[in-house]
Structures are given as C-alpha cells and as structure tokens.
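Structure, as structure tokens:
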Amino acid sequence: MTTATASDGGTLAVEIWRGKDAGRFETYTVPQRANQTVLDVVTWIQRHAEPALAYRFACRVGVCGSCAMTVNGKPRWTCRTHVSKVAGEGALRIEPLRNLPRLKDLAVDMTPFFEKWQRAQGRFTPTRTRKDPLTTVSPQSAGRKAADAGIECINCAVCYSACDVVGWDDGYLGPAALNRAWTLVNDERDGDRAGVLKSASSGGGCHSCHTHGSCVEHCPVGINPTAGIAGLKRWSIVELLGGKLP
Amino acid sequence: MTPVVLYLAQRLTALILAPLVIAHLVLILIAVEGGLTAAEILARTRGSVGWALFYGLFVAAAAVHAPIGLRNVIHEHTRWTGRSLDWSMLALAVLLAGLGARAVLAVVVTP
C-alpha cells in the first residue's frame with residue numbers, strides 16, 4: 001500500500017467481484033491517494049475492509065506477472081496500473097481475468113494457461129551440458145532479433161484474457177504460449193525447433209489466430225504476439241512446402 | 001488434413017477468388033447496364049473455353065474455400081467439432097462443387 005499523502009482527500013467507489021462463478025459485486029469506499037495503483041486499492045480493501053478477499057500478487061513491480069485482473073472491463077497488470085489513468089469518474093470495477101476458471105474473488109486458476117504453454121512446447125531443449133562452453137549468439141542475427149522481440153513475456157495471462165479466440169475455442173493455445181514458441185523456433189541454441197513448430201502448428205495452434213490484435217493492445221510489456229503468431233504461420237507454410245511438416 | 005494444409009488451402013483459394021469475384025461483379029454490371037438479354041449472354045458464353053475456365057476455377061476455389069471457413073466458424077461458435085464436422089464440411093465441398101459445375105456447364109456447353 002502506498003504511503004503517499006492523499007492527493008485530494010477524496011474517495012474511490014470500488015466494485016469488486018466476490019465469489020466464484022456465482023457471486024456478486026460488492027462496493028467498497030477507498031481513500032484516494034497520489035500515485036495509487038489498482039493493486040494498492042485491492043490491498044487496502046483486503047487489509048482494512050474485507051480480510052477474506054482473495055487475490056494474487058507477489059513482486060508489486062511488474063516482474064512476476066501474478067497480479068493481473070480485469071479493471072473496468074480490460075485486463076491489466078494491477079501493480080503498474082495507476083488508478084488515475086483508469087478510474088474515470090472515481091469509480092473502479094475489478095473482476096478476475098476472463099477466459100480462466102475462477103477460484104475465488106479475484107483469483108483465477110492459471111492451470112489451463114500453463115498447460116497450453118507446455119502443449120505448444122514452450123520450453124527450451126538444451127543441446128549442451130554445463131561443461132561445454134557457452135554458445136556465441138550474435139545479437140544482430142535475424143533469429144535473435146525476432147526472439148528478443150518476444151522474450152520479455154512475464155506470463156501474466158493478460159493477452160490470454162484479452163483474446164476472443166481463446167474465449168470461443170477452449171483448445172486454442174493462446175497468444176502467450178505461441179509467442180513463447182516463436183521465441184524458441186528463432187533460438188538457434190534450441191535442440192528441437194522443428195518439434196516446437198510442429199506443436200505450435202497442430203490443432204488449436206497458430207492457424208487458429210484471427211489476427212484481432214487484442215493481445216498486442218493489452219500486453220503490459222509491449223510484446224506483439226500477433227506478429228510472432230504470423231511468423232509461425234509463415235514458417236509452417238515454408239516447412240510444409242519443404243516436406244518437413246505434415 | 002492438418003491445420004497448416006487447411007490454412008494454406010483457404011488462403012490460396014482466397015487469392016484466386018478475390019479477382020474472380022471482382023470480375024464477376026463488374027461483368028454483371030456491364031451485362032445489366034448494357035441491357036443484354038439472357039439469350040445474348042448465353043450466345044457469348046456457350047462454347048467459350050475462356051468462360052468455362054473462368055467459372056470452373058471460380059467454382060473449384062469456392063468449393064474449397066467456403067467449407068474450411070464455415071468449419072472454423074462452427075468449431076468456434078458451437079459445440080460441434082471432430083470427425084462428424086470434418087465429414088460434413090467435406091460433403092458441403094462436394095455439394096458446392098457439384099452445383100457449381102452444373103451451373104457452369106449450363107452456360108458454357110452448347111445444347
């Protein structure tokens with residue numbers, strides 16, 4: 001909770017989802033402060049008004065990716081979202097992330113999100129041991145540049161929550177998992193790039209993306225998963241025509 | 001068929017269909033504005049290899065393109081999925097190709 005002095009001594013009307021799928025919004029009056037984040041507001045409510053409120057956070061500085069929630073209808077990382085930028089008329093409506101099973105109040109079950117990460121083979125396959133020298137990778141190579149563009153994902157699931165295709169199709173891997181796959185197929189150190197591409201091109205993979213761009217719009221760290229998914233589509237066609245992909 | 005094959009087939013047929021649809025629409029405007037009768041239109045299309053190829057390609061591309069897109073729409077917005085959907089869309093492709101071929105033959109073959 002911020003210790004900054006009150007900016008104007010006013011208050012915020014904050015609606016928060018309570019319960020699981022069946023539940024209701026409850027309204028809390030929270031003191032407004034300067035430089036207050038949405039996570040500050042939720043934490044104030046938990047500490048001063050509703051001790052049983054369930055929500056998730058860890059680092060509070062935009063690194064761990066655990067505090068994402070739906071704020072006034074849009075998925076956001078709450079620890080880096082200033083109330084002054086989203087509250088409008090001094091009102092906040094905070095809900096759990098869309099497209100993930102609700103656990104309680106603002107906490108969702110992230111299991112499907114990470115399971116799809118694995119289905120997309122979003123994990124590095126090493127080719128060396130710790131006794132081997134480090135691989136030299138040119139930061140200027142096209143592959144490394146493409147990988148670098150998507151590598152800073154913090155797994156917050158904001159893109160997954162923002163994606164309409166995820167909402168329509170339970171089997172769709174989603175932007176984050178496919179973005180991770182894109183970084184791996186461009187990583188010359190990975191030992192199974194063909195396997196990653198095959199996984200990312202299977203049912204519910206990159207070809208299911210409609211290029212709506214909601215993931216790009218909402219990604220808090222400025223990644224463009226849509227571009228990576230388009231890259232996977234292009235690459236899959238090249239591999240198909242080359243006889244390397246069924 | 002794998003998703004990448006269906007994706008490629010739909011994009012390639014879209015590339016084919018785009019200019020053909022425009023040409024078809026322009027053709028309709030010219031025919032209507034020019035006051036051509038059905039008999040005058042048939043006189044131009046019957047026995048024409050060019051029109052047979054034009055509309056034959058049109059029908060083939062549409063018969064591939066439409067069922068793939070419809071399959072995606074059904075999969076995303078209903079609970080229908082799996083083999084029964086795939087076979088149904090294949091049947092739709094055959095139906096579109098059959099009806100389209102019948103229409104093309106009717107306007108290009110001289111009775």
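Residues are named by chain letter and number: chains run A, B, ... in the order of the structure tokens, numbers start at 1 in each chain, and ligands are numbered from 1 in the order shown.
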For chain B against chain A, with a cut-off of 12 Å and counting only C-alpha atoms, what is the closest atom pair and its distance in Å to one decimal for every residue that makes the cut, ordered by chain and number, as JSON lines?
{"residue": "B:Met1", "atom": "CA", "partner": "A:Pro246", "partner_atom": "CA", "distance": 8.6}
{"residue": "B:Thr2", "atom": "CA", "partner": "A:Pro246", "partner_atom": "CA", "distance": 6.9}
{"residue": "B:Pro3", "atom": "CA", "partner": "A:Gly203", "partner_atom": "CA", "distance": 6.1}
{"residue": "B:Val4", "atom": "CA", "partner": "A:Ser201", "partner_atom": "CA", "distance": 6.6}
{"residue": "B:Val5", "atom": "CA", "partner": "A:Leu240", "partner_atom": "CA", "distance": 7.8}
{"residue": "B:Leu6", "atom": "CA", "partner": "A:His207", "partner_atom": "CA", "distance": 9.0}
{"residue": "B:Tyr7", "atom": "CA", "partner": "A:His207", "partner_atom": "CA", "distance": 6.5}
{"residue": "B:Leu8", "atom": "CA", "partner": "A:Ile237", "partner_atom": "CA", "distance": 7.1}
{"residue": "B:Ala9", "atom": "CA", "partner": "A:Ile237", "partner_atom": "CA", "distance": 10.7}
{"residue": "B:Gln10", "atom": "CA", "partner": "A:His207", "partner_atom": "CA", "distance": 11.1}
{"residue": "B:Arg11", "atom": "CA", "partner": "A:Ile237", "partner_atom": "CA", "distance": 11.1}
{"residue": "B:Leu12", "atom": "CA", "partner": "A:Ile237", "partner_atom": "CA", "distance": 11.6}
{"residue": "B:Ile68", "atom": "CA", "partner": "A:Ser208", "partner_atom": "CA", "distance": 11.9}
{"residue": "B:Gly69", "atom": "CA", "partner": "A:Ser208", "partner_atom": "CA", "distance": 11.1}
{"residue": "B:Arg71", "atom": "CA", "partner": "A:Ser208", "partner_atom": "CA", "distance": 11.6}
{"residue": "B:Asn72", "atom": "CA", "partner": "A:Ser208", "partner_atom": "CA", "distance": 8.3}
{"residue": "B:Val73", "atom": "CA", "partner": "A:Trp168", "partner_atom": "CA", "distance": 9.7}
{"residue": "B:Ile74", "atom": "CA", "partner": "A:Trp168", "partner_atom": "CA", "distance": 10.3}
{"residue": "B:His75", "atom": "CA", "partner": "A:Asp169", "partner_atom": "CA", "distance": 7.4}
{"residue": "B:Glu76", "atom": "CA", "partner": "A:Trp168", "partner_atom": "CA", "distance": 5.1}
{"residue": "B:His77", "atom": "CA", "partner": "A:Trp168", "partner_atom": "CA", "distance": 6.2}
{"residue": "B:Thr78", "atom": "CA", "partner": "A:Trp168", "partner_atom": "CA", "distance": 8.6}
{"residue": "B:Arg79", "atom": "CA", "partner": "A:Asp169", "partner_atom": "CA", "distance": 9.4}
{"residue": "B:Trp80", "atom": "CA", "partner": "A:Asp169", "partner_atom": "CA", "distance": 11.3}
{"residue": "B:Thr81", "atom": "CA", "partner": "A:Asp169", "partner_atom": "CA", "distance": 10.6}
{"residue": "B:Gly82", "atom": "CA", "partner": "A:Gly203", "partner_atom": "CA", "distance": 11.0}
Can those selected residues be exported to a file as a short mmCIF file (atom, residue, chain, number, x, y, z; two decimals), in the first residue's frame so that it contains N, CA and C atoms?
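Result file follows (out_29.cif):
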data_model
loop_
_atom_site.label_atom_id
_atom_site.label_comp_id
_atom_site.auth_asym_id
_atom_site.auth_seq_id
_atom_site.Cartn_x
_atom_site.Cartn_y
_atom_site.Cartn_z
N MET B 1 -6.76 -33.72 -42.81
CA MET B 1 -5.79 -32.69 -43.19
C MET B 1 -5.35 -31.92 -41.95
N THR B 2 -4.09 -31.52 -41.96
CA THR B 2 -3.57 -30.79 -40.81
C THR B 2 -3.99 -29.32 -40.89
N PRO B 3 -3.95 -28.62 -39.76
CA PRO B 3 -4.35 -27.21 -39.77
C PRO B 3 -3.57 -26.37 -40.77
N VAL B 4 -2.29 -26.65 -40.95
CA VAL B 4 -1.49 -25.83 -41.86
C VAL B 4 -1.91 -26.05 -43.31
N VAL B 5 -2.30 -27.27 -43.66
CA VAL B 5 -2.77 -27.55 -45.03
C VAL B 5 -4.09 -26.82 -45.28
N LEU B 6 -5.01 -26.89 -44.30
CA LEU B 6 -6.29 -26.20 -44.45
C LEU B 6 -6.08 -24.68 -44.52
N TYR B 7 -5.17 -24.18 -43.70
CA TYR B 7 -4.87 -22.75 -43.69
C TYR B 7 -4.34 -22.31 -45.05
N LEU B 8 -3.40 -23.08 -45.58
CA LEU B 8 -2.81 -22.73 -46.88
C LEU B 8 -3.86 -22.81 -47.99
N ALA B 9 -4.68 -23.87 -47.95
CA ALA B 9 -5.72 -24.04 -48.99
C ALA B 9 -6.70 -22.87 -48.95
N GLN B 10 -7.06 -22.44 -47.75
CA GLN B 10 -8.03 -21.34 -47.67
C GLN B 10 -7.42 -20.03 -48.16
N ARG B 11 -6.15 -19.80 -47.82
CA ARG B 11 -5.51 -18.54 -48.26
C ARG B 11 -5.29 -18.53 -49.77
N LEU B 12 -4.87 -19.66 -50.32
CA LEU B 12 -4.63 -19.72 -51.77
C LEU B 12 -5.94 -19.52 -52.54
N ILE B 68 -13.97 -24.67 -45.48
CA ILE B 68 -12.90 -24.50 -44.47
C ILE B 68 -13.27 -23.36 -43.53
N GLY B 69 -13.73 -22.26 -44.11
CA GLY B 69 -14.13 -21.14 -43.27
C GLY B 69 -15.32 -21.46 -42.39
N ARG B 71 -16.23 -24.36 -41.35
CA ARG B 71 -15.78 -25.30 -40.31
C ARG B 71 -15.20 -24.53 -39.12
N ASN B 72 -14.40 -23.51 -39.40
CA ASN B 72 -13.83 -22.70 -38.32
C ASN B 72 -14.91 -21.99 -37.53
N VAL B 73 -15.86 -21.41 -38.26
CA VAL B 73 -16.94 -20.67 -37.58
C VAL B 73 -17.75 -21.61 -36.68
N ILE B 74 -18.10 -22.79 -37.23
CA ILE B 74 -18.89 -23.75 -36.44
C ILE B 74 -18.09 -24.22 -35.23
N HIS B 75 -16.81 -24.51 -35.44
CA HIS B 75 -15.97 -25.00 -34.35
C HIS B 75 -15.86 -23.97 -33.22
N GLU B 76 -15.76 -22.70 -33.60
CA GLU B 76 -15.55 -21.66 -32.59
C GLU B 76 -16.84 -21.24 -31.89
N HIS B 77 -17.96 -21.35 -32.58
CA HIS B 77 -19.19 -20.77 -32.01
C HIS B 77 -20.25 -21.80 -31.63
N THR B 78 -19.97 -23.06 -31.85
CA THR B 78 -20.91 -24.10 -31.38
C THR B 78 -20.09 -25.21 -30.71
N ARG B 79 -20.79 -26.20 -30.22
CA ARG B 79 -20.08 -27.32 -29.59
C ARG B 79 -19.74 -28.42 -30.60
N TRP B 80 -20.18 -28.23 -31.84
CA TRP B 80 -19.94 -29.26 -32.86
C TRP B 80 -18.47 -29.23 -33.28
N THR B 81 -17.81 -30.38 -33.15
CA THR B 81 -16.41 -30.48 -33.53
C THR B 81 -16.10 -31.94 -33.87
N GLY B 82 -14.89 -32.22 -34.29
CA GLY B 82 -14.48 -33.61 -34.51
C GLY B 82 -14.77 -34.12 -35.92
#
Problem set entry | For segment 106-120 of chain A: contacts at 9 Å, only C-alpha atoms, fewer than 6 positions along chain excluded, given as a VMD selection string | chain A and resid 16 to 20 53 to 56 67 69 to 70 94 to 98 100 155 157 160 171 to 174 176 to 178 180 to 181 196 to 202 205
For this session: Pull the alpha helix (DSSP H) assignments for segment 32-228 of chain A out of DSSP run on the backbone, and list those residues as a count of residues only.
Result: 71
Problem set entry | Residues near segment 43-59 of chain B, cut-off 8 Å, only C-alpha atoms, skip fewer than 6 positions along chain, as a list in words |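 Those residues are Ile16, Leu17, Leu20, Leu96, Ala97, Gly100, Ala101, Val104, Leu105, Val107, Val108, Val109 and Thr110 of chain B.
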Would you put the residues from that selection into a file with N, CA and C atoms, as a PDB file, in the first residue's frame?
ATOM      1  N   ILE B  16      -7.238 -16.578 -55.219  1.00  0.00           N
ATOM      2  CA  ILE B  16      -7.858 -16.838 -56.526  1.00  0.00           C
ATOM      3  C   ILE B  16      -9.221 -16.151 -56.614  1.00  0.00           C
ATOM      4  N   LEU B  17      -9.993 -16.278 -55.521  1.00  0.00           N
ATOM      5  CA  LEU B  17     -11.369 -15.775 -55.545  1.00  0.00           C
ATOM      6  C   LEU B  17     -11.450 -14.247 -55.635  1.00  0.00           C
ATOM      7  N   LEU B  20     -11.492 -12.931 -59.123  1.00  0.00           N
ATOM      8  CA  LEU B  20     -12.608 -13.526 -59.862  1.00  0.00           C
ATOM      9  C   LEU B  20     -13.943 -12.916 -59.424  1.00  0.00           C
ATOM     10  N   LEU B  96     -21.107 -28.128 -53.143  1.00  0.00           N
ATOM     11  CA  LEU B  96     -20.835 -26.845 -53.811  1.00  0.00           C
ATOM     12  C   LEU B  96     -20.185 -27.067 -55.174  1.00  0.00           C
ATOM     13  N   ALA B  97     -19.235 -28.008 -55.209  1.00  0.00           N
ATOM     14  CA  ALA B  97     -18.561 -28.295 -56.483  1.00  0.00           C
ATOM     15  C   ALA B  97     -19.559 -28.839 -57.501  1.00  0.00           C
ATOM     16  N   GLY B 100     -22.061 -26.068 -58.525  1.00  0.00           N
ATOM     17  CA  GLY B 100     -21.326 -25.078 -59.321  1.00  0.00           C
ATOM     18  C   GLY B 100     -21.004 -25.604 -60.705  1.00  0.00           C
ATOM     19  N   ALA B 101     -20.568 -26.858 -60.775  1.00  0.00           N
ATOM     20  CA  ALA B 101     -20.239 -27.458 -62.071  1.00  0.00           C
ATOM     21  C   ALA B 101     -21.481 -27.523 -62.957  1.00  0.00           C
ATOM     22  N   VAL B 104     -22.054 -24.063 -64.313  1.00  0.00           N
ATOM     23  CA  VAL B 104     -21.057 -23.689 -65.327  1.00  0.00           C
ATOM     24  C   VAL B 104     -21.357 -24.407 -66.641  1.00  0.00           C
ATOM     25  N   LEU B 105     -21.643 -25.707 -66.531  1.00  0.00           N
ATOM     26  CA  LEU B 105     -21.950 -26.487 -67.742  1.00  0.00           C
ATOM     27  C   LEU B 105     -23.181 -25.906 -68.469  1.00  0.00           C
ATOM     28  N   VAL B 107     -24.097 -22.890 -68.760  1.00  0.00           N
ATOM     29  CA  VAL B 107     -23.885 -21.656 -69.513  1.00  0.00           C
ATOM     30  C   VAL B 107     -22.753 -21.765 -70.559  1.00  0.00           C
ATOM     31  N   VAL B 108     -21.937 -22.803 -70.478  1.00  0.00           N
ATOM     32  CA  VAL B 108     -20.831 -22.875 -71.458  1.00  0.00           C
ATOM     33  C   VAL B 108     -20.999 -23.990 -72.496  1.00  0.00           C
ATOM     34  N   VAL B 109     -21.826 -24.987 -72.166  1.00  0.00           N
ATOM     35  CA  VAL B 109     -21.983 -26.102 -73.125  1.00  0.00           C
ATOM     36  C   VAL B 109     -23.122 -25.771 -74.094  1.00  0.00           C
ATOM     37  N   THR B 110     -22.835 -25.926 -75.344  1.00  0.00           N
ATOM     38  CA  THR B 110     -23.862 -25.679 -76.369  1.00  0.00           C
ATOM     39  C   THR B 110     -24.786 -26.893 -76.460  1.00  0.00           C
TER      40      THR B 110
END
For this session: Between atom CA of Leu232 of chain A and atom CA of Gly62 of chain A, measure the distance and give it in Å to one decimal.
Result: 27.7 Å
Exercise. Got a sec: who's within 10 Å of Ala227 of chain A, counting only C-alpha atoms, leaving out chain neighbours fewer than 5 positions off, as a list in words?
Worked result: Ala146, Ala149, Gly150, Asn179, Trp182, Thr211, Gly213, Val216, Leu232 and Lys233 of chain A
Exercise. Do you have the atom CA of Gln32 of chain A-atom CA of Glu50 of chain A distance handy?
Worked result: 17.5 Å
Exercise. Hey, can you check how far atom CA of Leu103 of chain A sits from atom CA of Cys156 of chain A?
Worked result: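 Computed distance, atom CA of Leu103 of chain A to atom CA of Cys156 of chain A, equals 16.5 Å.
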Test item, strand (DSSP E or B) assignment across segment 16-164 of chain A, answer as a PDB file with C-alpha atoms, in the first residue's frame:
ATOM      1  CA  ILE A  16     -15.058  -5.961  -6.511  1.00  0.00           C
ATOM      2  CA  TRP A  17     -16.264  -9.383  -7.618  1.00  0.00           C
ATOM      3  CA  ARG A  18     -16.875 -11.669  -4.653  1.00  0.00           C
ATOM      4  CA  GLY A  19     -17.401 -15.394  -5.010  1.00  0.00           C
ATOM      5  CA  GLY A  23     -21.202 -14.267  -6.961  1.00  0.00           C
ATOM      6  CA  ARG A  24     -21.848 -10.551  -6.859  1.00  0.00           C
ATOM      7  CA  PHE A  25     -20.099  -7.221  -6.922  1.00  0.00           C
ATOM      8  CA  GLU A  26     -19.547  -5.572  -3.564  1.00  0.00           C
ATOM      9  CA  THR A  27     -18.740  -1.906  -3.306  1.00  0.00           C
ATOM     10  CA  TYR A  28     -16.044  -0.509  -1.034  1.00  0.00           C
ATOM     11  CA  THR A  29     -15.094   3.087  -0.335  1.00  0.00           C
ATOM     12  CA  VAL A  30     -11.346   3.506  -0.519  1.00  0.00           C
ATOM     13  CA  PRO A  31      -9.272   6.625   0.283  1.00  0.00           C
ATOM     14  CA  THR A  37      -2.118   1.696  -8.205  1.00  0.00           C
ATOM     15  CA  ALA A  68      -3.411  -9.353 -13.487  1.00  0.00           C
ATOM     16  CA  MET A  69      -7.130  -8.656 -13.136  1.00  0.00           C
ATOM     17  CA  THR A  70      -9.923  -7.175 -15.198  1.00  0.00           C
ATOM     18  CA  VAL A  71     -10.144  -3.478 -14.387  1.00  0.00           C
ATOM     19  CA  LYS A  74      -9.965  -4.506 -19.555  1.00  0.00           C
ATOM     20  CA  PRO A  75      -7.285  -6.969 -18.470  1.00  0.00           C
ATOM     21  CA  ARG A  76      -4.390  -5.158 -16.804  1.00  0.00           C
ATOM     22  CA  TRP A  77      -1.349  -5.729 -14.591  1.00  0.00           C
ATOM     23  CA  HIS A  82      -2.319   3.824 -11.826  1.00  0.00           C
ATOM     24  CA  ALA A  91     -15.047   4.509  -9.908  1.00  0.00           C
ATOM     25  CA  LEU A  92     -13.348   1.164 -10.326  1.00  0.00           C
ATOM     26  CA  ARG A  93     -14.838  -2.221 -11.178  1.00  0.00           C
ATOM     27  CA  ILE A  94     -12.403  -5.055 -10.572  1.00  0.00           C
ATOM     28  CA  GLU A  95     -13.055  -8.622 -11.714  1.00  0.00           C
ATOM     29  CA  ARG A 102     -12.441 -18.674 -11.307  1.00  0.00           C
ATOM     30  CA  LEU A 103     -11.252 -19.857  -7.907  1.00  0.00           C
ATOM     31  CA  LYS A 104     -12.448 -17.185  -5.503  1.00  0.00           C
ATOM     32  CA  ALA A 107      -8.051 -15.240  -8.070  1.00  0.00           C
ATOM     33  CA  VAL A 108      -8.213 -17.484 -11.151  1.00  0.00           C
TER      34      VAL A 108
END
